[in-house]
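Data block below; observations after.
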Amino acid sequence: MAISFEPDRAEESGLNVRMWDFFFYMSFGFVITSSVAIAGVFLVFSYLVIPAVGAMLLAERLSKRLTIGWIGGAVCSFVGVKLSWDTGLPTSPLVVCVLAFALLTAGLVRFIRTAERKSQAIRFVLQSLLVIAVFVSGLLFFGKDKEDPLKHHLEMLESPSGTDRVTAISQLAGFAAQKNVWMDKVVSRLGDSDAQVRKAAIEILVSIPDTVILRHIPALLRDQSDAVKTAAVLAVRKLGNAEHANELVEAAGGEEDPELLISMTRTAIDLGNPGGIPVLAALVSRGGFFADEAYSIIASHLEARFEKRQMDSLVRWYKENEGRLHWDAEQHKFIVRRQ
């Protein structure tokens with residue numbers, strides 16, 4: 001306090017003013033930068049300025065200013081957060097608006113308190129408020145009607161921009177209760193020219209969830225985009241069964257990407273379809289980076305044991321026992337039924 005208000009006297013008393021200034025501004029800078037990262041520039045500097053200025057307009061003593069600033073800032077914050085919670089509007093701008101309204105109120109109070117003719121000052125304030133009320137009413141009256149958000153997203157879905165279409169699809173997830181309105185439009189986007197749009201369409205149908213996506217799985221598993229194929233595999237994993245897993249096995253047989261091949265066959269096996277075992281065995285025989293992962297999937301899902309070098313024997317064993325393989329859900333393994 002001495003350094004802030006009486007720096008010369010503080011220096012004469014032996015205080016190292018420069019050192020304390022350094023520590024103050026260093027801590028101040030740390031608080032500001034960390035706060036901005038949390039709340040944003042606008043809100044942080046509103047907190048810095050508005051409560052202090054409002055308190056200066058209402059009180060002369062420092063203790064009163066601190067009390068008014070702290071309590072006023074806390075109350076404005078609470079009101080802003082509560083309004084945001086009740087209305088769904090963004091919190092930071094609402095808090096800033098409440099702070100600005102409080103500052104305006106403090107300014108009007110000071111104007112009336114310091115006016116020589118208080119009745120004239122009150123009349124001026126009321127006239128100003130009336131002008132503001134008329135202006136706001138005009139904005140509301142002549143303003144454009146608020147567009148239905150669902151209608152807006154459906155219009156964006158027809159945009160020539162792929163980014164707009166992806167954004168629209170992602171926003172439709174919030175309208176699951178009205179999916180009968182937009183479902184057909186999203187399903188039609190499974191054939192969109194943009195791979196990211198196709199991927200987004202798959203993801204929203206899985207998130208709802210809706211099994212209509214499973215009718216399109218065969219085509220999606222042969223898509224040109226690896227991202228689309230990966231999303232299609234996830235759709236089968238979440239919504240499909242062993243019957244749908246047949247499509248994964250068929251797609252894996254012609255898949256060149258070993259990572260996707262493993263994802264397809266692993267999903268098929270986890271759904272109780274053993275058709276991916278010979279596909280993985282062929283990958284193990286070829287060797288390479290993904291051979292170990294393919295072998296670990298085989299070893300963890302088969303009751304019978306085969307070494308890596310025995311993949312030919314595994315394929316012969318599979319052909320001999322394919323009809324007798326039974327999926328044990330508890331052990332998560334294929335077991336040969338005894339006859």
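By convention in this document, the chains of the structure tokens carry letters A, B, ... by their order, each chain's residues are numbered from 1, and ligands are numbered from 1 in the order they are shown.
Close contacts of A:Ala245, defined as residues with an atom at most 9 Å away when counting only C-alpha atoms, with chain neighbours fewer than 2 positions off set aside, comprise Val236, Arg237, Gly240, Asn241, Ala242, Glu243, Glu247, Leu248, Val249, Glu250, Met264, Thr265, Thr267, Ala268, Ile269, Leu271, Gly272, Asn273 and Gly275 of chain A.
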Write out the residues from the selection above, keeping all heavy atoms, as a CSV table (one decimal), in the first residue's frame.
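Writing the result to selection32.csv gives the following:
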chain,number,residue,atom,x,y,z
A,236,VAL,N,-20.5,-51.8,-37.3
A,236,VAL,CA,-20.8,-53.2,-37.1
A,236,VAL,C,-20.5,-53.7,-35.7
A,236,VAL,O,-21.2,-54.4,-35.1
A,236,VAL,CB,-20.0,-54.0,-38.2
A,236,VAL,CG1,-20.3,-55.5,-37.9
A,236,VAL,CG2,-20.4,-53.6,-39.6
A,237,ARG,N,-19.4,-53.2,-35.2
A,237,ARG,CA,-19.0,-53.6,-33.8
A,237,ARG,C,-20.0,-53.2,-32.8
A,237,ARG,O,-20.3,-53.9,-31.8
A,237,ARG,CB,-17.6,-53.0,-33.4
A,237,ARG,CG,-17.2,-53.2,-32.0
A,237,ARG,CD,-15.8,-52.7,-31.7
A,237,ARG,NE,-14.8,-53.4,-32.4
A,237,ARG,CZ,-14.2,-54.5,-31.9
A,237,ARG,NH1,-14.6,-55.0,-30.7
A,237,ARG,NH2,-13.3,-55.2,-32.6
A,240,GLY,N,-24.0,-54.4,-34.9
A,240,GLY,CA,-24.2,-55.6,-35.7
A,240,GLY,C,-24.1,-56.9,-34.8
A,240,GLY,O,-23.9,-56.9,-33.6
A,241,ASN,N,-24.2,-58.1,-35.5
A,241,ASN,CA,-24.0,-59.4,-34.9
A,241,ASN,C,-23.2,-60.3,-35.8
A,241,ASN,O,-22.7,-59.8,-36.8
A,241,ASN,CB,-25.4,-60.0,-34.6
A,241,ASN,CG,-26.3,-60.0,-35.8
A,241,ASN,OD1,-25.9,-60.2,-36.9
A,241,ASN,ND2,-27.6,-59.7,-35.6
A,242,ALA,N,-23.2,-61.6,-35.5
A,242,ALA,CA,-22.4,-62.5,-36.3
A,242,ALA,C,-22.8,-62.5,-37.8
A,242,ALA,O,-22.0,-62.7,-38.6
A,242,ALA,CB,-22.5,-63.9,-35.7
A,243,GLU,N,-24.1,-62.3,-38.0
A,243,GLU,CA,-24.6,-62.3,-39.4
A,243,GLU,C,-24.0,-61.1,-40.2
A,243,GLU,O,-23.5,-61.3,-41.3
A,243,GLU,CB,-26.1,-62.2,-39.4
A,243,GLU,CG,-26.7,-62.2,-40.8
A,243,GLU,CD,-28.2,-62.1,-40.8
A,243,GLU,OE1,-28.8,-62.4,-39.7
A,243,GLU,OE2,-28.8,-61.9,-41.8
A,247,GLU,N,-20.0,-59.8,-43.6
A,247,GLU,CA,-19.6,-58.8,-44.5
A,247,GLU,C,-18.2,-58.3,-44.2
A,247,GLU,O,-17.5,-57.9,-45.1
A,247,GLU,CB,-20.7,-57.6,-44.5
A,247,GLU,CG,-22.1,-58.1,-44.9
A,247,GLU,CD,-23.2,-57.2,-44.4
A,247,GLU,OE1,-22.9,-56.3,-43.6
A,247,GLU,OE2,-24.3,-57.5,-44.7
A,248,LEU,N,-17.9,-58.2,-42.9
A,248,LEU,CA,-16.5,-57.8,-42.6
A,248,LEU,C,-15.5,-58.8,-43.1
A,248,LEU,O,-14.5,-58.4,-43.6
A,248,LEU,CB,-16.4,-57.7,-41.0
A,248,LEU,CG,-17.1,-56.5,-40.4
A,248,LEU,CD1,-17.0,-56.6,-38.9
A,248,LEU,CD2,-16.5,-55.2,-40.8
A,249,VAL,N,-15.8,-60.1,-42.9
A,249,VAL,CA,-14.9,-61.1,-43.4
A,249,VAL,C,-14.7,-61.1,-44.9
A,249,VAL,O,-13.6,-61.2,-45.4
A,249,VAL,CB,-15.4,-62.5,-43.0
A,249,VAL,CG1,-14.5,-63.6,-43.6
A,249,VAL,CG2,-15.5,-62.7,-41.5
A,250,GLU,N,-15.8,-60.9,-45.6
A,250,GLU,CA,-15.7,-60.8,-47.1
A,250,GLU,C,-14.9,-59.5,-47.5
A,250,GLU,O,-14.0,-59.6,-48.4
A,250,GLU,CB,-17.1,-60.7,-47.7
A,250,GLU,CG,-17.9,-61.9,-47.6
A,250,GLU,CD,-19.3,-61.8,-48.1
A,250,GLU,OE1,-19.6,-60.7,-48.8
A,250,GLU,OE2,-20.1,-62.6,-47.9
A,264,MET,N,-11.1,-55.3,-39.2
A,264,MET,CA,-12.3,-56.0,-39.7
A,264,MET,C,-12.4,-57.4,-39.1
A,264,MET,O,-13.4,-57.8,-38.6
A,264,MET,CB,-12.2,-56.1,-41.2
A,264,MET,CG,-12.4,-54.7,-41.9
A,264,MET,SD,-12.2,-54.9,-43.7
A,264,MET,CE,-12.6,-53.2,-44.3
A,265,THR,N,-11.3,-58.1,-39.2
A,265,THR,CA,-11.3,-59.5,-38.7
A,265,THR,C,-11.5,-59.6,-37.2
A,265,THR,O,-12.2,-60.5,-36.7
A,265,THR,CB,-10.1,-60.3,-39.2
A,265,THR,OG1,-8.9,-59.5,-38.8
A,265,THR,CG2,-10.0,-60.5,-40.7
A,267,THR,N,-13.1,-57.5,-35.3
A,267,THR,CA,-14.5,-57.2,-35.0
A,267,THR,C,-15.4,-58.4,-35.4
A,267,THR,O,-16.3,-58.8,-34.6
A,267,THR,CB,-14.9,-56.0,-35.8
A,267,THR,OG1,-14.1,-54.9,-35.5
A,267,THR,CG2,-16.4,-55.7,-35.6
A,268,ALA,N,-15.1,-59.0,-36.5
A,268,ALA,CA,-15.9,-60.2,-36.9
A,268,ALA,C,-15.8,-61.3,-35.9
A,268,ALA,O,-16.7,-62.0,-35.5
A,268,ALA,CB,-15.5,-60.7,-38.3
A,269,ILE,N,-14.5,-61.6,-35.4
A,269,ILE,CA,-14.3,-62.6,-34.4
A,269,ILE,C,-15.0,-62.3,-33.1
A,269,ILE,O,-15.6,-63.1,-32.5
A,269,ILE,CB,-12.8,-62.8,-34.3
A,269,ILE,CG1,-12.2,-63.5,-35.5
A,269,ILE,CG2,-12.5,-63.7,-33.1
A,269,ILE,CD1,-10.7,-63.6,-35.6
A,271,LEU,N,-17.6,-60.7,-32.7
A,271,LEU,CA,-19.0,-60.9,-32.8
A,271,LEU,C,-19.4,-62.4,-33.0
A,271,LEU,O,-20.6,-62.7,-33.2
A,271,LEU,CB,-19.5,-60.1,-34.0
A,271,LEU,CG,-19.5,-58.6,-33.8
A,271,LEU,CD1,-19.8,-57.9,-35.1
A,271,LEU,CD2,-20.5,-58.1,-32.8
A,272,GLY,N,-18.4,-63.3,-32.9
A,272,GLY,CA,-18.7,-64.7,-32.9
A,272,GLY,C,-18.6,-65.3,-34.3
A,272,GLY,O,-19.1,-66.4,-34.5
A,273,ASN,N,-18.0,-64.6,-35.2
A,273,ASN,CA,-17.8,-65.2,-36.6
A,273,ASN,C,-16.4,-65.6,-36.8
A,273,ASN,O,-15.5,-64.8,-36.7
A,273,ASN,CB,-18.2,-64.1,-37.6
A,273,ASN,CG,-18.2,-64.7,-39.0
A,273,ASN,OD1,-17.4,-65.4,-39.5
A,273,ASN,ND2,-19.3,-64.3,-39.7
A,275,GLY,N,-14.8,-66.6,-39.4
A,275,GLY,CA,-14.3,-66.5,-40.8
A,275,GLY,C,-13.1,-65.7,-40.9
A,275,GLY,O,-12.3,-65.8,-41.9
Original post:
If you measure from atom CA of A:Asp226 to atom CA of A:Leu172, what distance in Å do you get, rounded to one decimal?
Top reply: 24.1 Å
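Here atom CA of A:Val279 and atom CA of A:Arg215 stand 24.0 Å from one another.
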**OP:** Among the residues of stretch 88-168 of chain A, find those DSSP assigns to helix (DSSP H, G or I) from the backbone and print them as an MDAnalysis selection string.
**Re:** chainID A and resid 91:114 118:142 149:157 162:168
**OP:** Show which residues sit within 12 Å of A:Ile202, as a PyMOL selection string. Count only C-alpha atoms, and ignore same-chain residues fewer than 4 positions away.
**Re:** chain A and resi 166+169-170+173+183+186-192+195-198+206-217+220-221+227-236+238-239
Which residues come within 10 Å of stretch 34-48 of chain A, counting only C-alpha atoms, excluding same-chain residues fewer than 4 positions away, as an mmCIF file with N, CA, C and O atoms, in the first residue's frame?
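As written to disk, around.cif reads:
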data_model
loop_
_atom_site.group_PDB
_atom_site.id
_atom_site.type_symbol
_atom_site.label_atom_id
_atom_site.label_comp_id
_atom_site.auth_asym_id
_atom_site.auth_seq_id
_atom_site.Cartn_x
_atom_site.Cartn_y
_atom_site.Cartn_z
ATOM 1 N N GLY A 29 1.492 -10.663 -13.753
ATOM 2 C CA GLY A 29 1.574 -11.253 -15.097
ATOM 3 C C GLY A 29 1.213 -12.730 -15.089
ATOM 4 O O GLY A 29 0.533 -13.227 -15.993
ATOM 5 N N PHE A 30 1.668 -13.461 -14.041
ATOM 6 C CA PHE A 30 1.353 -14.885 -13.948
ATOM 7 C C PHE A 30 -0.153 -15.098 -13.792
ATOM 8 O O PHE A 30 -0.759 -15.948 -14.460
ATOM 9 N N ALA A 52 -13.552 -2.438 -10.139
ATOM 10 C CA ALA A 52 -12.760 -1.352 -9.545
ATOM 11 C C ALA A 52 -13.335 0.017 -9.903
ATOM 12 O O ALA A 52 -13.483 0.899 -9.040
ATOM 13 N N VAL A 53 -13.666 0.210 -11.176
ATOM 14 C CA VAL A 53 -14.215 1.507 -11.595
ATOM 15 C C VAL A 53 -15.575 1.746 -10.942
ATOM 16 O O VAL A 53 -15.879 2.850 -10.470
ATOM 17 N N GLY A 69 -16.175 -3.657 -4.621
ATOM 18 C CA GLY A 69 -15.646 -4.345 -5.799
ATOM 19 C C GLY A 69 -15.728 -5.852 -5.669
ATOM 20 O O GLY A 69 -16.154 -6.564 -6.594
ATOM 21 N N TRP A 70 -15.320 -6.368 -4.499
ATOM 22 C CA TRP A 70 -15.334 -7.822 -4.303
ATOM 23 C C TRP A 70 -16.764 -8.377 -4.282
ATOM 24 O O TRP A 70 -17.067 -9.347 -4.974
ATOM 25 N N GLY A 73 -18.475 -7.819 -7.727
ATOM 26 C CA GLY A 73 -17.976 -8.757 -8.735
ATOM 27 C C GLY A 73 -18.505 -10.164 -8.517
ATOM 28 O O GLY A 73 -18.871 -10.868 -9.471
ATOM 29 N N ALA A 74 -18.574 -10.589 -7.241
ATOM 30 C CA ALA A 74 -19.078 -11.932 -6.930
ATOM 31 C C ALA A 74 -20.557 -12.062 -7.282
ATOM 32 O O ALA A 74 -20.991 -13.058 -7.874
ATOM 33 N N SER A 77 -21.036 -12.132 -11.030
ATOM 34 C CA SER A 77 -20.616 -13.440 -11.547
ATOM 35 C C SER A 77 -21.714 -14.475 -11.320
ATOM 36 O O SER A 77 -22.047 -15.260 -12.217
ATOM 37 N N THR A 91 -21.653 -18.435 -21.127
ATOM 38 C CA THR A 91 -21.471 -17.863 -19.791
ATOM 39 C C THR A 91 -20.629 -16.596 -19.799
ATOM 40 O O THR A 91 -21.000 -15.579 -19.208
ATOM 41 N N SER A 92 -19.474 -16.623 -20.446
ATOM 42 C CA SER A 92 -18.551 -15.496 -20.394
ATOM 43 C C SER A 92 -19.184 -14.187 -20.884
ATOM 44 O O SER A 92 -19.126 -13.169 -20.179
ATOM 45 N N PRO A 93 -19.817 -14.149 -22.061
ATOM 46 C CA PRO A 93 -20.443 -12.893 -22.496
ATOM 47 C C PRO A 93 -21.553 -12.422 -21.553
ATOM 48 O O PRO A 93 -21.722 -11.217 -21.347
ATOM 49 N N LEU A 94 -22.293 -13.368 -20.979
ATOM 50 C CA LEU A 94 -23.367 -12.965 -20.064
ATOM 51 C C LEU A 94 -22.809 -12.309 -18.806
ATOM 52 O O LEU A 94 -23.348 -11.310 -18.326
ATOM 53 N N VAL A 95 -21.725 -12.867 -18.253
ATOM 54 C CA VAL A 95 -21.111 -12.268 -17.070
ATOM 55 C C VAL A 95 -20.608 -10.862 -17.393
ATOM 56 O O VAL A 95 -20.785 -9.929 -16.602
ATOM 57 N N VAL A 96 -19.998 -10.688 -18.557
ATOM 58 C CA VAL A 96 -19.512 -9.366 -18.968
ATOM 59 C C VAL A 96 -20.674 -8.389 -19.101
ATOM 60 O O VAL A 96 -20.576 -7.220 -18.676
ATOM 61 N N CYS A 97 -21.793 -8.835 -19.663
ATOM 62 C CA CYS A 97 -22.963 -7.966 -19.807
ATOM 63 C C CYS A 97 -23.516 -7.550 -18.438
ATOM 64 O O CYS A 97 -23.902 -6.392 -18.242
ATOM 65 N N LEU A 99 -21.788 -7.374 -15.636
ATOM 66 C CA LEU A 99 -20.817 -6.426 -15.078
ATOM 67 C C LEU A 99 -20.990 -5.033 -15.699
ATOM 68 O O LEU A 99 -20.932 -4.018 -15.006
ATOM 69 N N ALA A 100 -21.191 -4.992 -17.014
ATOM 70 C CA ALA A 100 -21.361 -3.709 -17.694
ATOM 71 C C ALA A 100 -22.640 -3.016 -17.219
ATOM 72 O O ALA A 100 -22.660 -1.788 -17.012
#
Original post:
Suppose you want the space between atom CA of A:Pro149 and atom CA of A:Lys82; what is it in Å?
Top reply: 23.7 Å
**OP:** Compare A:Glu303, A:Asp312, A:Asp328, A:Glu259 by their minimum atom-to-atom distance to A:Pro278, counting only C-alpha atoms, and give me the closest one.
**Re:** A:Asp312
Original post:
Residues at most 12 Å from stretch 12-15 of chain A, counting only C-alpha atoms, excluding those fewer than 4 positions away in the same chain, as a PyMOL selection string?
Top reply: chain A and resi 1-3+6-8+19-21
Can you spit out the residues from that selection as a PDB file, in the first residue's frame, using N, CA and C atoms?
ATOM      1  N   MET A   1       0.835  -1.201   0.000  1.00  0.00           N
ATOM      2  CA  MET A   1       0.000   0.000   0.000  1.00  0.00           C
ATOM      3  C   MET A   1       0.870   1.252   0.000  1.00  0.00           C
ATOM      4  N   ALA A   2       1.931   1.202   0.780  1.00  0.00           N
ATOM      5  CA  ALA A   2       2.818   2.367   0.832  1.00  0.00           C
ATOM      6  C   ALA A   2       3.465   2.626  -0.516  1.00  0.00           C
ATOM      7  N   ILE A   3       3.923   1.558  -1.177  1.00  0.00           N
ATOM      8  CA  ILE A   3       4.582   1.708  -2.481  1.00  0.00           C
ATOM      9  C   ILE A   3       3.596   2.234  -3.519  1.00  0.00           C
ATOM     10  N   GLU A   6       2.348   6.052  -1.764  1.00  0.00           N
ATOM     11  CA  GLU A   6       3.398   6.986  -1.322  1.00  0.00           C
ATOM     12  C   GLU A   6       4.774   6.374  -1.617  1.00  0.00           C
ATOM     13  N   PRO A   7       5.133   6.240  -2.887  1.00  0.00           N
ATOM     14  CA  PRO A   7       6.387   5.557  -3.237  1.00  0.00           C
ATOM     15  C   PRO A   7       7.642   6.265  -2.691  1.00  0.00           C
ATOM     16  N   ASP A   8       7.627   7.601  -2.689  1.00  0.00           N
ATOM     17  CA  ASP A   8       8.807   8.327  -2.183  1.00  0.00           C
ATOM     18  C   ASP A   8       9.003   8.059  -0.695  1.00  0.00           C
ATOM     19  N   MET A  19      12.389  -3.781  -6.119  1.00  0.00           N
ATOM     20  CA  MET A  19      12.264  -5.222  -5.912  1.00  0.00           C
ATOM     21  C   MET A  19      10.792  -5.615  -5.712  1.00  0.00           C
ATOM     22  N   TRP A  20      10.079  -4.840  -4.853  1.00  0.00           N
ATOM     23  CA  TRP A  20       8.676  -5.157  -4.608  1.00  0.00           C
ATOM     24  C   TRP A  20       7.822  -4.929  -5.849  1.00  0.00           C
ATOM     25  N   ASP A  21       8.158  -3.911  -6.637  1.00  0.00           N
ATOM     26  CA  ASP A  21       7.455  -3.712  -7.907  1.00  0.00           C
ATOM     27  C   ASP A  21       7.667  -4.896  -8.839  1.00  0.00           C
TER      28      ASP A  21
END
Subject >> Selected residue, from A:Arg9, A:Thr163, A:Val109, A:His153, that lies nearest to A:Ala55 when counting only C-alpha atoms >> reply: A:Val109
